[in-house]
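First comes the structure, then the notes that go with it.
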Amino acid sequence: PRADRGAFSGRTAFIFAAIGSAVGLGNIWRFPAVAYDNGGGAFILPYLVALLTAGIPLLFIDYAIGHRWRGSPPMAWRRLARWTEFIGWWQVLICVVIAAYYALIVAWAANYTIFSVDTRWGDDPGGFFGSFTQALEGADATIAFDYVPAVLITCILVWVAIVLVMVLGVHNGISKSAIVFIPLLVIMFVILVVRAMMLPGAFTGLDAFFRPNWGALLNPGVWVAAYGQIFFSLSVAFGIMLTYASYLKKNTDLTGSGLVVGFANSSFEILAGIGVFSALGFMAQAQGVEVGEVVTSGIGLAFVAFPAIIGEAPGGALIGVLFFGSLVLAGFTSLVSIVEVVISSIADKFGLSRVPAALLVTVPLALFSIAVFPTTMGLSLLDTMDNWVNQYGIVGAALVGTIVLVYLVKALPTLRDHLNLRGTFPLGKAWSIAVAVIVPIVLGVSLIASTVGLIGGEGTYSDYPWWFNFTFGWLMALSLVVGGAVLSLLPWPKNSNLHRPD
Ligand code: PHE
Ligand code: NA
């Protein structure tokens with residue numbers, strides 16, 4: 001085994017890095033609207049149930065595999081059972097795709113942080129989809145491929161920073177950057193939330209966000225949404241937490257750490273809900289409409305609604321810097337975690353040490369991302385890839401991984417013993433039922449639901465031509481599994497220890 005795999009100095013360093021991964025764009029721009037659309041204040045019930053019956057139990061699985069079998073996903077799965085190595089590579093390829101487009105969002109957020117100081121928001125003629133990304137809609141978007149200079153520059157800067165952090169390694173790069181960025185993110189975000197709550201109309205927004213619609217709990221879709229948000233938000237089951245846990249010292253309390261990470265992530269989601277809905281309440285009042293009419297999520301919330309809020313709010317520049325700066329920090333620490341999965345796996349499989357592995361992964365990945373995404377087609381590519389990689393990549397790999405682990409390799413007892421060795425509280429039957437029954441059912445239902453939606457629904461996703469969906473959606477998602485299988489056939493270096501370490 002390589003001597004310099006890297007290690008976290010301790011539990012705190014690990015917890016910061018893990019929170020850095022978990023707290024991402026999903027907390028800020030996804031959770032608030034998901035909660036609002038699925039019962040408002042009542043959503044807290046399915047959300048907590050999902051956290052406790054699937055999110056945290058799966059997080060423990062990730063930790064246990066990485067920590068017990070001490071390796072990147074391909075190495076850890078391989079040590080678990082030889083034929084399961086492909087699951088690890090599948091997870092790695094998912095991370096490659098996500099990393100390539102995630103950097104684009106961080107780059108946009110960096111651009112908007114700078115724009116915020118420039119107060120001429122009001123007279124930005126075309127806005128985000130117009131003069132900024134120069135993205136065209138639907139079919140038109142797929143025929144034009146030109147670089148957008150402002151985005152190209154920030155995209156390059158984001159990748160330079162990523163290369164630097166990754167070359168510095170687990171201790172000096174990943175954990176130190178998280179230990180600086182996460183507290184900074186929390187401070188900035190708290191100031192933002194307090195400022196947003198002082199805007200006129202904020203309380204109408206908060207009322208809309210928290211008002212419980214208990215009837216929603218009878219709708220199965222609400223429960224699927226809760227589980228979906230939890231899976232995505234905790235970054236479970238696609239190799240990230242597994243990789244980070246492999247850098248932990250042997251005698252570490254994994255379950256206690258998992259609870260800290262899980263609840264920190266959820267606290268940040270609720271905080272984001274408060275901040276976002278205060279701001280939306282202000283916007284609704286300013287426009288004289290109901291709060292429900294201005295609720296959006298994702299790119300629309302961050303890059304269309306927020307610029308409008310910033311343009312109208314007193315002291316908008318500060319709100320802008322805090323909001324977009326938070327997106328940059330939250331996105332960057334998540335991006336680091338995604339890229340680390342790839343680096344760690346390449347290092348393990350090819351017996352490379354830190355710096356060569358980091359460069360071998362980040363330089364081509366950066367070049368690919370920079371060549372493809374800061375373009376007029378970037379937004380449509382991102383939109384399409386993100387949809388398929390989430391619905392099929394992450395959910396698919398999580399489902400296959402869980403079934404293989406529980407029913408084919410039958411590793412649950414070993415993992416439980418490993419977690420209980422040092423854990424703050426013992427895991428028993430309830431945990432096993434969560435992993436063996438609840439998780440596969442929920443993932444299966446969500447896979448079926450998204451397939452029915454895609455195939456039976458409007459025909460194509462987001463008005464893109466069928467070949468675009470086919471190539472960057474279906475074919476891309478399929479190639480991640482096939483590619484994973486192919487990579488698992490490549491030989492390991494002779495000196496790699498493929499047996500379970502003790
Ligand atoms: N968990 C992150 C969030 O909630 C998203 C993420 C996706 C993180 C992919 C890492 C990798 O935003
Ligand atoms: Na999250």
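Residues in the structure tokens are numbered from 1 in each chain, the chains being A, B, ... in the order shown, and ligands are numbered from 1 in the order shown.
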
Test item: residues no farther than 10 Å from ligand 2, counting only C-alpha atoms and all ligand atoms, as a PyMOL selection string: chain A and resi 19-28+30-31+229-236+261-262+264-269+330+334

File of the preceding selection, N, CA and C atoms, as a tab-separated table (two decimals), in the first residue's frame:
chain	number	residue	atom	x	y	z
A	19	ILE	N	-18.40	18.27	6.00
A	19	ILE	CA	-19.43	19.31	5.94
A	19	ILE	C	-19.22	20.15	4.67
A	20	GLY	N	-17.96	20.39	4.34
A	20	GLY	CA	-17.65	21.14	3.12
A	20	GLY	C	-18.25	20.46	1.90
A	21	SER	N	-18.19	19.15	1.88
A	21	SER	CA	-18.76	18.43	0.75
A	21	SER	C	-20.28	18.48	0.78
A	22	ALA	N	-20.84	18.21	1.95
A	22	ALA	CA	-22.30	18.11	2.05
A	22	ALA	C	-22.97	19.47	1.82
A	23	VAL	N	-22.44	20.50	2.44
A	23	VAL	CA	-23.06	21.81	2.28
A	23	VAL	C	-22.65	22.37	0.92
A	24	GLY	N	-23.61	22.38	0.02
A	24	GLY	CA	-23.30	22.82	-1.34
A	24	GLY	C	-24.45	23.62	-1.90
A	25	LEU	N	-24.47	23.68	-3.22
A	25	LEU	CA	-25.51	24.46	-3.88
A	25	LEU	C	-26.90	23.94	-3.52
A	26	GLY	N	-26.99	22.63	-3.29
A	26	GLY	CA	-28.28	22.02	-2.97
A	26	GLY	C	-28.90	22.61	-1.71
A	27	ASN	N	-28.09	22.92	-0.73
A	27	ASN	CA	-28.60	23.52	0.50
A	27	ASN	C	-29.19	24.90	0.22
A	28	ILE	N	-28.48	25.66	-0.60
A	28	ILE	CA	-28.85	27.06	-0.78
A	28	ILE	C	-29.95	27.21	-1.82
A	30	ARG	N	-31.62	24.57	-3.63
A	30	ARG	CA	-32.56	23.49	-3.88
A	30	ARG	C	-33.53	23.29	-2.72
A	31	PHE	N	-32.97	23.19	-1.50
A	31	PHE	CA	-33.82	22.88	-0.35
A	31	PHE	C	-35.00	23.83	-0.15
A	229	GLN	N	-34.17	14.81	-1.65
A	229	GLN	CA	-33.38	15.93	-1.14
A	229	GLN	C	-32.30	15.43	-0.19
A	230	ILE	N	-32.66	14.50	0.69
A	230	ILE	CA	-31.69	14.00	1.67
A	230	ILE	C	-30.52	13.28	0.98
A	231	PHE	N	-30.81	12.41	0.02
A	231	PHE	CA	-29.73	11.69	-0.68
A	231	PHE	C	-28.78	12.66	-1.34
A	232	PHE	N	-29.36	13.61	-2.08
A	232	PHE	CA	-28.54	14.56	-2.81
A	232	PHE	C	-27.73	15.41	-1.85
A	233	SER	N	-28.42	15.85	-0.81
A	233	SER	CA	-27.81	16.84	0.07
A	233	SER	C	-26.67	16.28	0.90
A	234	LEU	N	-26.76	15.02	1.28
A	234	LEU	CA	-25.69	14.46	2.11
A	234	LEU	C	-24.51	13.96	1.29
A	235	SER	N	-24.59	14.05	-0.02
A	235	SER	CA	-23.57	13.48	-0.94
A	235	SER	C	-23.28	12.02	-0.60
A	236	VAL	N	-24.34	11.24	-0.31
A	236	VAL	CA	-24.08	9.83	0.00
A	236	VAL	C	-24.12	8.96	-1.23
A	261	VAL	N	-22.15	15.66	11.01
A	261	VAL	CA	-22.20	16.09	9.61
A	261	VAL	C	-23.64	16.17	9.11
A	262	GLY	N	-24.43	15.15	9.42
A	262	GLY	CA	-25.82	15.11	8.97
A	262	GLY	C	-26.63	16.28	9.51
A	264	ALA	N	-25.44	19.13	10.83
A	264	ALA	CA	-24.89	20.41	10.38
A	264	ALA	C	-25.43	20.74	8.99
A	265	ASN	N	-25.45	19.73	8.12
A	265	ASN	CA	-25.96	19.95	6.77
A	265	ASN	C	-27.42	20.37	6.79
A	266	SER	N	-28.22	19.69	7.60
A	266	SER	CA	-29.65	20.03	7.66
A	266	SER	C	-29.87	21.41	8.28
A	267	SER	N	-29.06	21.75	9.29
A	267	SER	CA	-29.21	23.08	9.88
A	267	SER	C	-28.94	24.15	8.83
A	268	PHE	N	-27.94	23.88	8.00
A	268	PHE	CA	-27.63	24.88	6.97
A	268	PHE	C	-28.78	24.98	5.96
A	269	GLU	N	-29.48	23.88	5.73
A	269	GLU	CA	-30.62	23.94	4.79
A	269	GLU	C	-31.73	24.81	5.36
A	330	ALA	N	-19.50	27.43	-0.84
A	330	ALA	CA	-20.21	26.16	-0.70
A	330	ALA	C	-19.92	25.27	-1.90
A	334	SER	N	-17.48	21.60	-2.16
A	334	SER	CA	-18.11	20.40	-2.70
A	334	SER	C	-17.32	19.90	-3.91

Backbone-only DSSP, helix (DSSP H, G or I) members of range 186-314 of chain A, as JSON, numbers by chain: {"A": [186, 187, 188, 189, 190, 191, 192, 193, 194, 195, 196, 197, 202, 203, 204, 205, 206, 207, 208, 209, 210, 214, 215, 216, 217, 218, 220, 221, 222, 223, 224, 225, 226, 227, 228, 229, 230, 231, 232, 233, 240, 241, 242, 243, 244, 245, 254, 255, 256, 257, 258, 259, 260, 261, 262, 263, 264, 265, 266, 267, 268, 269, 270, 271, 272, 273, 274, 275, 276, 277, 278, 279, 280, 281, 282, 283, 284, 285, 286, 287, 291, 292, 293, 294, 298, 299, 300, 301, 302, 303, 304, 305, 306, 307, 308, 309, 310, 311, 312]}

Residue nearest ligand 1 - candidates A:Ala161, A:Ala208, A:Val328, A:Val406, atoms counted: only C-alpha atoms and all ligand atoms: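 Looking only at the distances to ligand 1, the closest residue turns out to be A:Val328.
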
Near-range 425-438 of chain A list (7 Å; only C-alpha atoms; drop same-chain fewer than 5 positions) as a PyMOL selection string: chain A and resi 53-54+57-58+406+416+420

Residues from last step as file, C-alpha atoms, as a JSON list (two decimals), in the first residue's frame:
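Everything below was put into again.json:
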[["chain", "number", "residue", "atom", "x", "y", "z"],
["A", 53, "THR", "CA", -34.22, 6.32, 8.05],
["A", 54, "ALA", "CA", -32.07, 6.69, 4.93],
["A", 57, "PRO", "CA", -27.89, 5.15, 7.78],
["A", 58, "LEU", "CA", -26.39, 5.37, 4.26],
["A", 406, "VAL", "CA", -26.77, -6.15, 1.47],
["A", 416, "ARG", "CA", -22.16, -2.90, 11.61],
["A", 420, "ASN", "CA", -19.95, -0.31, 16.58]]

Contacts of His418 in chain A within 12 Å, only C-alpha atoms, excl. fewer than 2 positions in-chain, as a ChimeraX atom specification: /A:60-61,63-69,250-255,411-416,420-423,426-427,502

Given only C-alpha atoms and all ligand atoms as the counted atoms, nearest of A:Ile370, A:Met188, A:Ile394, A:Ala279 to ligand 1: A:Ile394

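Remark: for Thr243 in chain A, the closest of the candidate residues A:Val97, A:Val404, A:Val339, A:Leu490 is A:Val339 (distances computed over only C-alpha atoms).
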
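Near Phe8 in chain A, within 9 Å and counting only C-alpha atoms, sit Thr12, Ala13, Phe14, Val170, His171, Ile174, Ser175, Tyr244, Tyr247, Leu248 and Lys249 of chain A, not including residues fewer than 4 positions from it in the same chain.
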
Dump of C-alpha atoms for the selected residues, as a CSV table (one decimal), in the first residue's frame:
chain,number,residue,atom,x,y,z
A,12,THR,CA,-12.3,17.7,13.4
A,13,ALA,CA,-10.4,18.0,10.1
A,14,PHE,CA,-12.5,15.2,8.7
A,170,VAL,CA,-5.6,15.7,2.0
A,171,HIS,CA,-4.1,17.5,5.0
A,174,ILE,CA,-8.6,19.6,1.5
A,175,SER,CA,-8.8,19.9,5.2
A,244,TYR,CA,-12.9,10.9,2.9
A,247,TYR,CA,-8.3,9.1,5.3
A,248,LEU,CA,-9.4,8.7,8.9
A,249,LYS,CA,-7.3,7.2,11.6

All residues 7 Å or closer to Leu206 in chain A, only C-alpha atoms, same chain fewer than 6 positions away omitted, as a ChimeraX atom specification: /A:274,277-278

Next, the residues of the selection above should be written as a tab-separated table (two decimals), in the first residue's frame with C-alpha atoms.
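Produced file out-v9.tsv, reproduced below:
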chain	number	residue	atom	x	y	z
A	274	ILE	CA	-35.03	31.36	6.08
A	277	PHE	CA	-37.67	33.11	1.68
A	278	SER	CA	-37.01	36.40	3.47

Option closest in space to ligand 1, from A:Gly320, A:Ile338, A:Val486, A:Leu498 [counting only C-alpha atoms and all ligand atoms]: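 So, comparing all the options, the nearest one is A:Ile338.
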
Distance criterion (only C-alpha atoms): nearest to Val321 in chain A out of A:Val341, A:Gly396, A:Tyr101, A:Phe306: A:Phe306

Between CA of Asn213 in chain A and CA of Asn390 in chain A, distance in Å (one decimal):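 Distance reported for this atom pair: 27.8 Å.
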
Best match for closeness to ligand 1 among A:Ile240, A:Ala7, A:Glu290, A:Val295, counting only C-alpha atoms and all ligand atoms: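 Smallest separation from ligand 1 among the options: A:Ile240.
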
Distance of CA of Phe368 in chain A from CA of Ser450 in chain A, expressed in Å to one decimal place: 28.8 Å
